>>> print(open('entry-v2.txt').read())   # compact mmCIF, C-alpha atoms and all ligand atoms
# COMPACT_ATOMS: atom_id res chain seq x y z
CA MET Q 1 87.32 90.28 75.47
CA HIS Q 2 87.96 91.43 79.05
CA ILE Q 3 90.98 93.64 79.64
CA LEU Q 4 92.41 94.13 83.10
CA ILE Q 5 93.69 97.70 83.43
CA ILE Q 6 96.33 98.35 86.06
CA SER Q 7 98.57 101.32 86.77
CA ASP Q 8 101.13 102.59 89.26
CA ILE Q 9 102.05 99.26 90.82
CA HIS Q 10 105.10 100.94 92.34
CA SER Q 11 106.97 97.79 93.33
CA ASN Q 12 104.14 96.68 95.61
CA LEU Q 13 103.95 92.93 94.93
CA ALA Q 14 101.39 92.16 97.65
CA ALA Q 15 98.99 94.68 96.10
CA LEU Q 16 99.60 93.37 92.57
CA GLU Q 17 98.99 89.78 93.65
CA ALA Q 18 95.72 90.73 95.36
CA VAL Q 19 94.53 92.53 92.23
CA LEU Q 20 95.41 89.58 89.99
CA LYS Q 21 93.62 87.16 92.31
CA ALA Q 22 90.47 89.29 92.45
CA ALA Q 23 90.53 89.98 88.71
CA ASN Q 24 90.92 86.27 88.02
CA GLU Q 25 87.57 85.64 89.65
CA GLU Q 26 85.94 88.08 87.22
CA GLY Q 27 88.11 86.74 84.38
CA TYR Q 28 90.27 88.62 81.90
CA ASP Q 29 91.99 87.90 78.58
CA ARG Q 30 94.62 90.63 78.45
CA VAL Q 31 96.37 93.10 80.72
CA TRP Q 32 97.13 96.74 80.00
CA CYS Q 33 99.56 98.42 82.38
CA LEU Q 34 99.81 102.21 82.41
CA GLY Q 35 103.33 102.62 83.77
CA ASP Q 36 105.18 103.16 87.04
CA VAL Q 37 105.70 99.45 87.59
CA VAL Q 38 108.57 100.43 89.91
CA GLY Q 39 109.48 103.22 92.35
CA TYR Q 40 108.51 103.72 96.04
CA GLY Q 41 107.98 100.07 96.97
CA PRO Q 42 110.19 97.13 98.00
CA ALA Q 43 109.79 94.62 95.13
CA PRO Q 44 110.78 96.21 91.79
CA ASN Q 45 112.13 93.08 90.11
CA ASP Q 46 109.28 90.86 91.32
CA CYS Q 47 106.75 93.32 89.91
CA VAL Q 48 108.53 93.67 86.55
CA THR Q 49 108.76 89.87 86.28
CA GLU Q 50 105.06 89.50 87.09
CA VAL Q 51 103.98 92.15 84.55
CA GLN Q 52 106.24 90.56 81.98
CA SER Q 53 104.84 87.10 82.60
CA LEU Q 54 101.31 88.45 82.16
CA GLU Q 55 102.40 89.59 78.69
CA ALA Q 56 100.88 92.92 79.59
CA LEU Q 57 100.75 95.74 77.10
CA CYS Q 58 102.78 98.28 79.06
CA ILE Q 59 103.96 101.88 78.77
CA ALA Q 60 106.62 103.90 80.60
CA GLY Q 61 105.95 106.04 83.68
CA ASN Q 62 108.04 108.79 85.29
CA HIS Q 63 109.27 106.48 88.06
CA ASP Q 64 110.24 103.82 85.53
CA TRP Q 65 112.28 106.46 83.70
CA ALA Q 66 113.83 107.70 86.94
CA ALA Q 67 114.96 104.16 87.71
CA LEU Q 68 116.51 104.02 84.22
CA ASP Q 69 118.30 107.33 84.80
CA ARG Q 70 116.33 108.92 81.98
CA ILE Q 71 115.04 111.83 84.06
CA PRO Q 72 116.86 113.77 86.79
CA LEU Q 73 116.10 112.74 90.35
CA GLU Q 74 115.98 116.42 91.36
CA ASP Q 75 112.49 116.51 89.86
CA PHE Q 76 111.30 114.28 92.73
CA ASN Q 77 110.75 115.01 96.43
CA ARG Q 78 113.32 113.68 98.88
CA ASP Q 79 111.59 110.41 99.77
CA ALA Q 80 110.92 109.63 96.12
CA GLN Q 81 114.57 110.41 95.25
CA GLU Q 82 115.78 108.04 97.93
CA ALA Q 83 113.42 105.29 96.75
CA SER Q 84 114.44 105.87 93.12
CA ARG Q 85 118.12 105.57 93.99
CA TRP Q 86 117.41 102.36 95.88
CA THR Q 87 115.36 101.03 92.93
CA ARG Q 88 118.20 101.78 90.47
CA ASP Q 89 120.57 99.73 92.59
CA GLN Q 90 118.14 96.81 92.78
CA LEU Q 91 117.08 96.46 89.16
CA THR Q 92 118.40 93.41 87.36
CA LEU Q 93 119.57 93.65 83.75
CA GLN Q 94 116.41 91.82 82.75
CA SER Q 95 114.20 94.40 84.52
CA VAL Q 96 116.17 97.27 83.00
CA SER Q 97 115.80 95.84 79.54
CA TYR Q 98 112.05 95.31 80.01
CA LEU Q 99 111.49 98.86 81.27
CA GLU Q 100 113.70 100.33 78.55
CA GLY Q 101 111.55 98.64 75.94
CA GLN Q 102 108.34 100.41 76.96
CA PRO Q 103 107.08 103.31 74.83
CA LYS Q 104 105.59 106.57 76.13
CA LEU Q 105 102.30 106.06 74.29
CA ARG Q 106 100.37 103.21 72.76
CA VAL Q 107 97.22 103.12 70.68
CA GLU Q 108 95.17 99.95 70.92
CA GLY Q 109 91.89 99.91 68.99
CA ASP Q 110 89.83 102.86 70.23
CA PHE Q 111 92.07 103.43 73.26
CA THR Q 112 95.18 105.55 73.70
CA LEU Q 113 97.37 104.58 76.65
CA ALA Q 114 99.54 107.21 78.39
CA HIS Q 115 100.98 107.30 81.89
CA GLY Q 116 100.41 111.00 82.68
CA SER Q 117 98.51 112.50 79.76
CA PRO Q 118 98.41 112.16 75.97
CA ARG Q 119 99.91 115.68 75.71
CA TYR Q 120 102.88 115.09 78.02
CA PRO Q 121 102.86 111.31 78.61
CA ILE Q 122 105.54 111.10 81.28
CA TRP Q 123 104.83 114.05 83.55
CA GLU Q 124 101.47 115.78 83.23
CA TYR Q 125 98.89 115.09 85.95
CA ILE Q 126 95.27 115.09 84.83
CA GLN Q 127 93.67 116.08 88.11
CA LEU Q 128 91.25 118.78 86.97
CA PRO Q 129 88.56 119.03 84.29
CA SER Q 130 90.40 122.01 82.74
CA ILE Q 131 93.57 119.94 82.25
CA ALA Q 132 91.53 117.05 80.86
CA ALA Q 133 89.73 119.42 78.47
CA ALA Q 134 93.05 120.62 77.05
CA ASN Q 135 94.14 117.02 76.49
CA PHE Q 136 91.24 115.80 74.36
CA ALA Q 137 92.85 117.47 71.31
CA HIS Q 138 95.99 115.38 71.84
CA PHE Q 139 94.61 111.94 71.03
CA ASP Q 140 92.55 110.61 68.14
CA THR Q 141 90.79 107.63 69.69
CA SER Q 142 87.51 107.85 71.62
CA TYR Q 143 89.15 106.99 74.92
CA CYS Q 144 92.42 107.65 76.67
CA LEU Q 145 93.60 105.62 79.66
CA VAL Q 146 95.95 107.36 82.09
CA GLY Q 147 97.44 106.79 85.54
CA HIS Q 148 99.98 108.94 87.42
CA THR Q 149 97.61 110.73 89.86
CA HIS Q 150 96.86 107.49 91.76
CA VAL Q 151 93.21 108.58 91.95
CA PRO Q 152 90.51 106.68 90.01
CA ALA Q 153 88.52 109.17 87.95
CA VAL Q 154 86.70 109.72 84.67
CA PHE Q 155 86.75 112.90 82.57
CA ARG Q 156 84.13 113.40 79.89
CA ALA Q 157 84.54 115.89 77.03
CA LEU Q 158 81.55 118.25 76.96
CA ASP Q 159 82.63 120.43 74.03
CA ASP Q 160 85.92 121.67 72.54
CA ARG Q 161 86.86 123.53 75.69
CA LYS Q 162 85.10 121.88 78.58
CA ALA Q 163 85.19 118.58 80.38
CA GLU Q 164 83.49 117.23 83.47
CA MET Q 165 85.05 114.98 86.08
CA PHE Q 166 83.43 112.29 88.15
CA PHE Q 167 84.50 109.53 90.48
CA PRO Q 168 83.26 106.23 89.10
CA PRO Q 169 81.16 104.01 91.36
CA LEU Q 170 82.72 100.67 92.32
CA ASP Q 171 81.77 97.25 90.94
CA VAL Q 172 79.11 98.48 88.52
CA PRO Q 173 79.57 98.86 84.78
CA LEU Q 174 80.13 102.35 83.44
CA ALA Q 175 78.83 102.42 79.87
CA LEU Q 176 81.18 103.60 77.15
CA GLY Q 177 79.99 104.90 73.82
CA GLU Q 178 78.60 108.22 74.99
CA GLY Q 179 81.25 110.73 74.09
CA ARG Q 180 85.00 110.84 74.56
CA LEU Q 181 86.51 109.93 77.91
CA ILE Q 182 89.81 110.07 79.76
CA ILE Q 183 89.79 107.22 82.26
CA ASN Q 184 92.11 106.66 85.23
CA PRO Q 185 91.87 103.24 86.94
CA GLY Q 186 93.67 104.48 90.09
CA SER Q 187 96.82 102.93 91.56
CA VAL Q 188 97.50 99.31 92.41
CA GLY Q 189 100.41 99.92 94.75
CA GLN Q 190 100.01 103.38 96.27
CA PRO Q 191 96.42 104.73 96.18
CA ARG Q 192 96.10 108.44 97.04
CA ASP Q 193 92.36 108.97 97.38
CA GLY Q 194 92.09 108.10 101.06
CA ASP Q 195 91.19 104.47 100.36
CA SER Q 196 94.12 102.17 101.07
CA ARG Q 197 92.78 99.30 98.96
CA ALA Q 198 94.45 98.51 95.63
CA SER Q 199 92.60 100.04 92.68
CA TYR Q 200 92.06 98.63 89.17
CA ALA Q 201 89.52 98.44 86.36
CA VAL Q 202 88.23 95.83 83.93
CA LEU Q 203 87.17 96.75 80.42
CA ASP Q 204 84.42 94.58 78.96
CA GLY Q 205 84.74 94.75 75.18
CA GLU Q 206 81.44 92.99 74.43
CA ALA Q 207 79.35 95.08 76.80
CA ASP Q 208 81.26 98.26 75.89
CA ALA Q 209 81.62 99.08 79.56
CA ILE Q 210 84.29 99.48 82.20
CA ARG Q 211 84.11 98.47 85.86
CA PHE Q 212 86.22 99.93 88.67
CA HIS Q 213 87.22 97.81 91.62
CA ARG Q 214 89.08 97.99 94.94
CA VAL Q 215 90.63 95.08 96.76
CA GLU Q 216 92.26 94.80 100.18
CA TYR Q 217 95.80 93.49 100.35
CA PRO Q 218 98.21 92.73 103.22
CA ILE Q 219 99.64 96.25 103.57
CA GLY Q 220 101.76 95.14 106.54
CA ARG Q 221 103.64 92.70 104.34
CA THR Q 222 104.72 95.48 101.97
CA GLN Q 223 105.55 97.79 104.89
CA THR Q 224 107.75 95.14 106.51
CA ARG Q 225 109.66 94.59 103.27
CA MET Q 226 110.12 98.36 102.94
CA LYS Q 227 111.49 98.57 106.46
CA GLU Q 228 113.88 95.68 105.82
CA ALA Q 229 115.05 97.39 102.61
CA GLY Q 230 115.68 100.64 104.49
CA LEU Q 231 113.19 102.61 102.36
CA PRO Q 232 111.84 105.91 103.82
CA LYS Q 233 109.40 105.27 106.69
CA ARG Q 234 106.99 107.91 105.42
CA LEU Q 235 106.54 105.98 102.16
CA ALA Q 236 105.63 102.84 104.11
CA ASP Q 237 103.31 104.68 106.52
CA ARG Q 238 101.31 106.38 103.77
CA LEU Q 239 100.15 103.04 102.33
CA ALA Q 240 97.95 102.46 105.37
CA PHE Q 241 96.17 105.77 104.81
CA GLY Q 242 95.80 105.60 101.04
CA TRP Q 243 97.49 108.89 100.21
ZN ZN J 301 102.96 106.72 90.01
>>> encode(input="entry-v2.txt", output="C-alpha cells")
Amino acid sequence: MHILIISDIHSNLAALEAVLKAANEEGYDRVWCLGDVVGYGPAPNDCVTEVQSLEALCIAGNHDWAALDRIPLEDFNRDAQEASRWTRDQLTLQSVSYLEGQPKLRVEGDFTLAHGSPRYPIWEYIQLPSIAAANFAHFDTSYCLVGHTHVPAVFRALDDRKAEMFFPPLDVPLALGEGRLIINPGSVGQPRDGDSRASYAVLDGEADAIRFHRVEYPIGRTQTRMKEAGLPKRLADRLAFGW
C-alpha cells in the first residue's frame, strides 16, 4: 500500500495537479490530506472537488475553518484575512459541506493525522524540537503526520523530554520503525522553506518507509489567476520565492 501524503494545498490547483501527476508515476493507492485545502490561493472549489474526487482521508486546517467562519479572521495577518474573506465568498455549498465534514484529528493504523499538532490540532506550529517533544505525549500511535508550517521536516523522540529535528533528503526512502516520529510533508500550494516547488511525501507500507518529493509547477498560472481574482499581490509574489 502506497499512501500519497499532501498538506496545505491552499487553493493552488496548478500545484496540486503537478503533485498528482508526479505521484501517479510512482503510484499510490490512497491519499491522506492534512488540511488547509483552501485559503490564500485562487481555486478553492476546484481544489476541494479534486480532493473529494480522490476520496482522500482529510482533516481540517485553520484556513479551512476560517473559510467556514469557525475562527475569527482577526487571528490572521491582513493579507490572509483578505484572502479568507474572498474564499468565503467563493465557496459553493458543496465545498462548504465537504470542509464542514472534516474532523480535527484522525487515527489511521499507526498514524495520527493533525493539521497543526496533536496537542492543538488547528493552531499549534511544530517548528522546533522543543515543541515536538511536548507533543509526543499527545498521541498514542508511533507516528504523527502534521502540516501547517509549510516546511517539510521530521522530528524524532529521543526520550520523554527531548526530540531532534532534521530535514529529510529528497527522493530517497526514510526508514520508519526506529522510534516515534512527527512527520511534516511540507506544503503543496505555498512552500515556505525557500524552495518554490510543491512538496509532498509518499508512504510505502510494505517497505515501512516514507519518501519526500518536490515537483515544479506553473507558478505563473496560479499567480495570474490570483491577479484576476484581485487577491493580495504579496500572496502571489511569495509563491515564486517559496516563503
Ligand atoms: Zn497552511
>>> closest_atom_pairs(input="entry-v2.txt", of="chain Q", to="ligand ZN 301 (chain J)", cutoff="7 Å", atoms="only C-alpha atoms and all ligand atoms", output="tab-separated table")
residue	atom	partner	partner_atom	distance
Q:Asp8	CA	J:ZN301	ZN	4.6
Q:His10	CA	J:ZN301	ZN	6.6
Q:Asp36	CA	J:ZN301	ZN	5.1
Q:His63	CA	J:ZN301	ZN	6.6
Q:His148	CA	J:ZN301	ZN	4.5
Q:Thr149	CA	J:ZN301	ZN	6.7
Q:His150	CA	J:ZN301	ZN	6.4
>>> closest_atom_pairs(input="entry-v2.txt", of="region 69-169 of chain Q", to="region 223-242 of chain Q", cutoff="12 Å", atoms="all atoms listed in the file", output="CSV")
residue,atom,partner,partner_atom,distance
Q:Asn77,CA,Q:Leu235,CA,11.5
Q:Arg78,CA,Q:Pro232,CA,9.3
Q:Asp79,CA,Q:Pro232,CA,6.1
Q:Ala80,CA,Q:Leu235,CA,8.3
Q:Gln81,CA,Q:Pro232,CA,10.1
Q:Glu82,CA,Q:Pro232,CA,7.4
Q:Ala83,CA,Q:Leu231,CA,6.2
Q:Ser84,CA,Q:Leu231,CA,9.9
Q:Arg85,CA,Q:Leu231,CA,10.2
Q:Trp86,CA,Q:Leu231,CA,7.7
Q:Thr87,CA,Q:Leu231,CA,9.8
Q:Asp89,CA,Q:Ala229,CA,11.7
Q:Gln90,CA,Q:Ala229,CA,10.3
Q:His150,CA,Q:Gly242,CA,9.5
Q:Val151,CA,Q:Gly242,CA,9.9
>>> write_last_selection(input="entry-v2.txt", atoms="C-alpha atoms", output="PDB file, in the frame of the given file")
ATOM      1  CA  ASN Q  77     110.750 115.010  96.430  1.00  0.00           C
ATOM      2  CA  ARG Q  78     113.320 113.680  98.880  1.00  0.00           C
ATOM      3  CA  ASP Q  79     111.590 110.410  99.770  1.00  0.00           C
ATOM      4  CA  ALA Q  80     110.920 109.630  96.120  1.00  0.00           C
ATOM      5  CA  GLN Q  81     114.570 110.410  95.250  1.00  0.00           C
ATOM      6  CA  GLU Q  82     115.780 108.040  97.930  1.00  0.00           C
ATOM      7  CA  ALA Q  83     113.420 105.290  96.750  1.00  0.00           C
ATOM      8  CA  SER Q  84     114.440 105.870  93.120  1.00  0.00           C
ATOM      9  CA  ARG Q  85     118.120 105.570  93.990  1.00  0.00           C
ATOM     10  CA  TRP Q  86     117.410 102.360  95.880  1.00  0.00           C
ATOM     11  CA  THR Q  87     115.360 101.030  92.930  1.00  0.00           C
ATOM     12  CA  ASP Q  89     120.570  99.730  92.590  1.00  0.00           C
ATOM     13  CA  GLN Q  90     118.140  96.810  92.780  1.00  0.00           C
ATOM     14  CA  HIS Q 150      96.860 107.490  91.760  1.00  0.00           C
ATOM     15  CA  VAL Q 151      93.210 108.580  91.950  1.00  0.00           C
TER      16      VAL Q 151
END
>>> closest_residue(input="entry-v2.txt", among="Q:Leu68, Q:Ile183, Q:Ala43, Q:Val188", to="Leu13 (chain Q)", atoms="all atoms listed in the file")
Q:Ala43
>>> atom_distance(input="entry-v2.txt", atom1="CA of Leu145 (chain Q)", atom2="CA of Arg211 (chain Q)")
13.4 Å
>>> atom_distance(input="entry-v2.txt", atom1="CA of Ser117 (chain Q)", atom2="CA of Asn135 (chain Q)")
7.1 Å
>>> atom_distance(input="entry-v2.txt", atom1="CA of Tyr200 (chain Q)", atom2="CA of Arg88 (chain Q)")
26.4 Å
>>> closest_residue(input="entry-v2.txt", among="Q:Pro173, Q:Pro129, Q:Gly101, Q:Pro118", to="Leu203 (chain Q)", atoms="all atoms listed in the file")
Q:Pro173
>>> closest_residue(input="entry-v2.txt", among="Q:Ile219, Q:Ala137, Q:Leu73, Q:Ala201", to="Pro185 (chain Q)", atoms="all atoms listed in the file")
Q:Ala201
>>> closest_residue(input="entry-v2.txt", among="Q:Asn62, Q:Ser95, Q:Ser199, Q:Ser142", to="Ile122 (chain Q)", atoms="only C-alpha atoms")
Q:Asn62
>>> residues_near_point(input="entry-v2.txt", point="(102.6, 106.4, 74.3)", cutoff="10 Å", atoms="only C-alpha atoms", output="PyMOL selection string")
chain Q and resi 34+58-61+102-107+112-122
>>> closest_residue(input="entry-v2.txt", among="Q:Glu216, Q:Glu124, Q:Asp159, Q:Glu108", to="Thr141 (chain Q)", atoms="only C-alpha atoms")
Q:Glu108
>>> closest_residue(input="entry-v2.txt", among="Q:Arg180, Q:Arg30, Q:Arg156, Q:Arg161", to="Phe111 (chain Q)", atoms="all atoms listed in the file")
Q:Arg180
>>> build_atoms(input="entry-v2.txt", residues="region 111-138 of chain Q", atoms="N, CA and C atoms", output="short mmCIF file (atom, residue, chain, number, x, y, z; two decimals), in the coordinates of the input")
data_model
loop_
_atom_site.label_atom_id
_atom_site.label_comp_id
_atom_site.auth_asym_id
_atom_site.auth_seq_id
_atom_site.Cartn_x
_atom_site.Cartn_y
_atom_site.Cartn_z
N PHE Q 111 91.49 102.95 72.00
CA PHE Q 111 92.07 103.43 73.26
C PHE Q 111 93.50 103.91 73.07
N THR Q 112 93.79 105.09 73.61
CA THR Q 112 95.18 105.55 73.70
C THR Q 112 95.63 105.33 75.14
N LEU Q 113 96.84 104.82 75.30
CA LEU Q 113 97.37 104.58 76.65
C LEU Q 113 98.53 105.54 76.92
N ALA Q 114 98.46 106.29 78.01
CA ALA Q 114 99.54 107.21 78.39
C ALA Q 114 99.65 107.19 79.91
N HIS Q 115 100.86 107.32 80.44
CA HIS Q 115 100.98 107.30 81.89
C HIS Q 115 100.38 108.57 82.51
N GLY Q 116 100.88 109.74 82.10
CA GLY Q 116 100.41 111.00 82.68
C GLY Q 116 99.27 111.59 81.89
N SER Q 117 99.55 111.93 80.64
CA SER Q 117 98.51 112.50 79.76
C SER Q 117 98.94 112.26 78.32
N PRO Q 118 98.01 112.32 77.37
CA PRO Q 118 98.41 112.16 75.97
C PRO Q 118 99.28 113.33 75.50
N ARG Q 119 99.13 114.50 76.12
CA ARG Q 119 99.91 115.68 75.71
C ARG Q 119 101.36 115.57 76.18
N TYR Q 120 101.54 115.28 77.44
CA TYR Q 120 102.88 115.09 78.02
C TYR Q 120 102.87 113.76 78.77
N PRO Q 121 103.12 112.65 78.06
CA PRO Q 121 102.86 111.31 78.61
C PRO Q 121 103.58 110.99 79.92
N ILE Q 122 104.79 111.52 80.10
CA ILE Q 122 105.54 111.10 81.28
C ILE Q 122 105.17 111.91 82.52
N TRP Q 123 104.89 113.20 82.36
CA TRP Q 123 104.83 114.05 83.55
C TRP Q 123 103.49 114.69 83.90
N GLU Q 124 102.65 114.96 82.92
CA GLU Q 124 101.47 115.78 83.23
C GLU Q 124 100.45 115.02 84.07
N TYR Q 125 99.93 115.68 85.10
CA TYR Q 125 98.89 115.09 85.95
C TYR Q 125 97.52 115.59 85.49
N ILE Q 126 96.64 114.67 85.15
CA ILE Q 126 95.27 115.09 84.83
C ILE Q 126 94.43 114.96 86.10
N GLN Q 127 94.39 116.08 86.84
CA GLN Q 127 93.67 116.08 88.11
C GLN Q 127 92.40 116.92 88.04
N LEU Q 128 92.35 117.81 87.04
CA LEU Q 128 91.25 118.78 86.97
C LEU Q 128 90.57 118.70 85.61
N PRO Q 129 89.27 119.02 85.58
CA PRO Q 129 88.56 119.03 84.29
C PRO Q 129 89.21 119.94 83.27
N SER Q 130 89.79 121.08 83.70
CA SER Q 130 90.40 122.01 82.74
C SER Q 130 91.62 121.36 82.07
N ILE Q 131 92.39 120.61 82.83
CA ILE Q 131 93.57 119.94 82.25
C ILE Q 131 93.11 118.82 81.31
N ALA Q 132 92.08 118.10 81.73
CA ALA Q 132 91.53 117.05 80.86
C ALA Q 132 91.03 117.66 79.56
N ALA Q 133 90.31 118.78 79.66
CA ALA Q 133 89.73 119.42 78.47
C ALA Q 133 90.81 119.75 77.46
N ALA Q 134 91.94 120.25 77.95
CA ALA Q 134 93.05 120.62 77.05
C ALA Q 134 93.68 119.40 76.41
N ASN Q 135 93.50 118.24 76.99
CA ASN Q 135 94.14 117.02 76.49
C ASN Q 135 93.35 116.27 75.43
N PHE Q 136 92.04 116.55 75.33
CA PHE Q 136 91.24 115.80 74.36
C PHE Q 136 91.71 116.03 72.92
N ALA Q 137 92.35 117.18 72.66
CA ALA Q 137 92.85 117.47 71.31
C ALA Q 137 94.13 116.69 71.01
N HIS Q 138 94.69 116.03 72.01
CA HIS Q 138 95.99 115.38 71.84
C HIS Q 138 95.92 113.87 71.64
#
